[in-house]
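J.: I'd like to ask you about the structure that follows.
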Number of protein chains: 2
Amino acid sequence: MLSRKAKYALKAMVQLARAAPQQLTSADIADRTGAPRKFLEAILLELVRAGLILARRGKGGGYLLNRSPEQISFAEVIRATDGPLALAPCVSKTAFHRCADCLDMETCSIRPALQLARDATAAALEKHTLATAMAQTPEAEAQLGA
Amino acid sequence: MLSRKAKYALKAMVQLARAAPQQLTSADIADRTGAPRKFLEAILLELVRAGLILARRGKGGGYLLNRSPEQISFAEVIRATDGPLALAPCVSKTAFHRCADCLDMETCSIRPALQLARDATAAALEKHTLATAMAQTPEAEAQLGA
DNA sequence: ATATATCCTATCTATCTAGTAGGAAAGTAG
DNA sequence: CTACTTTCCTACTAGATAGATAGGATATAT
């Protein structure tokens, strides 16, 4: 399961894609996604640090995508917030290391299955970009207060 | 990421598949997988309740698969221990419900992506059975104490 | 009866989740 | 230079989950 953090991040990214080339403030995004503003700010900061978005401080400031929506995949956003997509570190491409509870990776009886699962998930989420999401759901996000 | 519980469960199931038609005690399985015996017992109990294995109490007792290895998928074992494979409840087939943090499922901008991811993961893990795992790694599991 | 093995309950510690609160730093406009 | 806005940073908290451990009750075979 994704954490709320990752879901808020994904929804925020889609909102930024919709707003482009205009920027949105954390308050704007909080309104549009239902995420608590202060919590959202921390998440947006992580996305800034991951290089996915840019931030402008001060009056008239806000956030905007650092790349075009076609170039930002769901996989990247999830990795930036929740970490690797893989079901175990030993099959992760972005954060590979031996599992603490498994001595011999080579003869591990469950690793091949986890590898297939990772590849399948990664393929789906890397193909799916912010542009895909925009095209599929062209309307504004439903408001929580509605 | 899978919990240790799920990994122990999967490894235990593969060991039971290898041992069949002989049964194994919790101590046997703990030895072969590196899982703490008492922790493992709790896990095995969950697998019993999920109908994946059978337990025999008393002297000469132990655990054994309730179906043939070809009929038990990795997906089932993971669901029995860690819960749904899906990244969100709203795209889960086995535990479907609306996400607490999302009012309108129909217009959700991230749901289609999560649906694709779930389908891809489920397909991979449902196809992969204990028999598949046995065939791929015919040797005994590496010992933690080795 | 005794030994064996699963089943059940309770407890514990550390970490993670999902925030809240308060303010510092930076940028803009007058 | 001052006021205002907006991001950035630090600290804190309540509650849940992970990953166990401990001790014993219950069932079974000899």
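Following the order of the structure tokens, first chain is A, next is B, and so on, with residues numbered from 1 inside each chain and ligands from 1 in the order they appear.
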Write down, as a ChimeraX atom specification, each residue of chain A that has any atom within 7 Å of an atom of chain C, counting only C-alpha atoms (C1' of nucleotides).

T.: /A:39,57-59

J.: Store the residues picked out above in a file with C-alpha atoms, as a PDB file, in the first residue's frame.

T.:
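Contents of again-v3.pdb, freshly written:
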```pdb
ATOM      1  CA  PHE A  39       2.101  18.276   5.883  1.00  0.00           C
ATOM      2  CA  ARG A  57       9.801  31.839  -2.408  1.00  0.00           C
ATOM      3  CA  GLY A  58       8.128  35.111  -1.501  1.00  0.00           C
ATOM      4  CA  LYS A  59       5.124  36.914  -2.885  1.00  0.00           C
TER       5      LYS A  59
END
```

J.: Would you write out, as CSV, a table of all residues in chain B that have an atom no more than 12 Å from an atom of chain D, listing for each the closest atom pair and the distance in Å to one decimal, considering only C-alpha atoms (C1' of nucleotides) and ordering rows by chain and rising residue number?

T.:
```
residue,atom,partner,partner_atom,distance
B:Leu2,CA,D:DA18,C1',11.2
B:Ser3,CA,D:DA18,C1',7.8
B:Arg4,CA,D:DG19,C1',8.0
B:Lys5,CA,D:DG19,C1',8.3
B:Ala6,CA,D:DA18,C1',11.6
B:Tyr8,CA,D:DG19,C1',11.8
B:Ala35,CA,D:DA20,C1',10.5
B:Pro36,CA,D:DA20,C1',8.3
B:Arg37,CA,D:DA20,C1',10.5
B:Lys38,CA,D:DT21,C1',8.0
B:Phe39,CA,D:DA20,C1',6.6
B:Leu40,CA,D:DA20,C1',10.1
B:Glu41,CA,D:DA20,C1',11.9
B:Ala42,CA,D:DA20,C1',10.8
B:Ile43,CA,D:DG19,C1',11.7
B:Ala55,CA,D:DA27,C1',11.4
B:Arg56,CA,D:DT28,C1',8.3
B:Arg57,CA,D:DT28,C1',5.9
B:Gly58,CA,D:DT28,C1',4.1
B:Lys59,CA,D:DA29,C1',5.4
B:Gly60,CA,D:DA29,C1',7.3
B:Gly61,CA,D:DT28,C1',8.1
B:Gly62,CA,D:DT28,C1',11.4
B:Asp82,CA,D:DA18,C1',11.3
```

J.: Which chain A residues are at most 9 Å from chain B (counting only C-alpha atoms), as a PyMOL selection string?

T.: chain A and resi 1-4+7+10-11+14+33-35+74+84-89+101-105+107-114+116-125+128-129+132-134+136-144

J.: By how many Å are CA of Glu76 in chain B and CA of Ala50 in chain B apart?

T.: 9.0 Å

J.: Quick one: distance from CA of Leu65 in chain A to CA of Ala95 in chain A in Å, one decimal?

T.: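 Separating CA of Leu65 in chain A from CA of Ala95 in chain A is a distance of 24.5 Å.
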
J.: Once DSSP has gone over the backbone, tell me which residues of chain B are in helix (DSSP H, G or I), as number ranges by chain.

T.: B: 4-19, 26-33, 37-49, 69-71, 74-82, 89-91, 105-107, 111-127, 130-136

J.: To one decimal place, how far is CA of Ala27 in chain B from CA of Glu46 in chain B in Å?

T.: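 We find that CA of Ala27 in chain B and CA of Glu46 in chain B lie 16.7 Å from each other.
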
J.: Write out as a list in words all residues of range 17-144 of chain B that backbone DSSP assigns to strand (DSSP E).

T.: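 Restricting range 17-144 of chain B to strand (DSSP E) produces Ile53, Leu54, Ala55, Arg56, Gly62, Tyr63, Leu64 and Leu65 of chain B.
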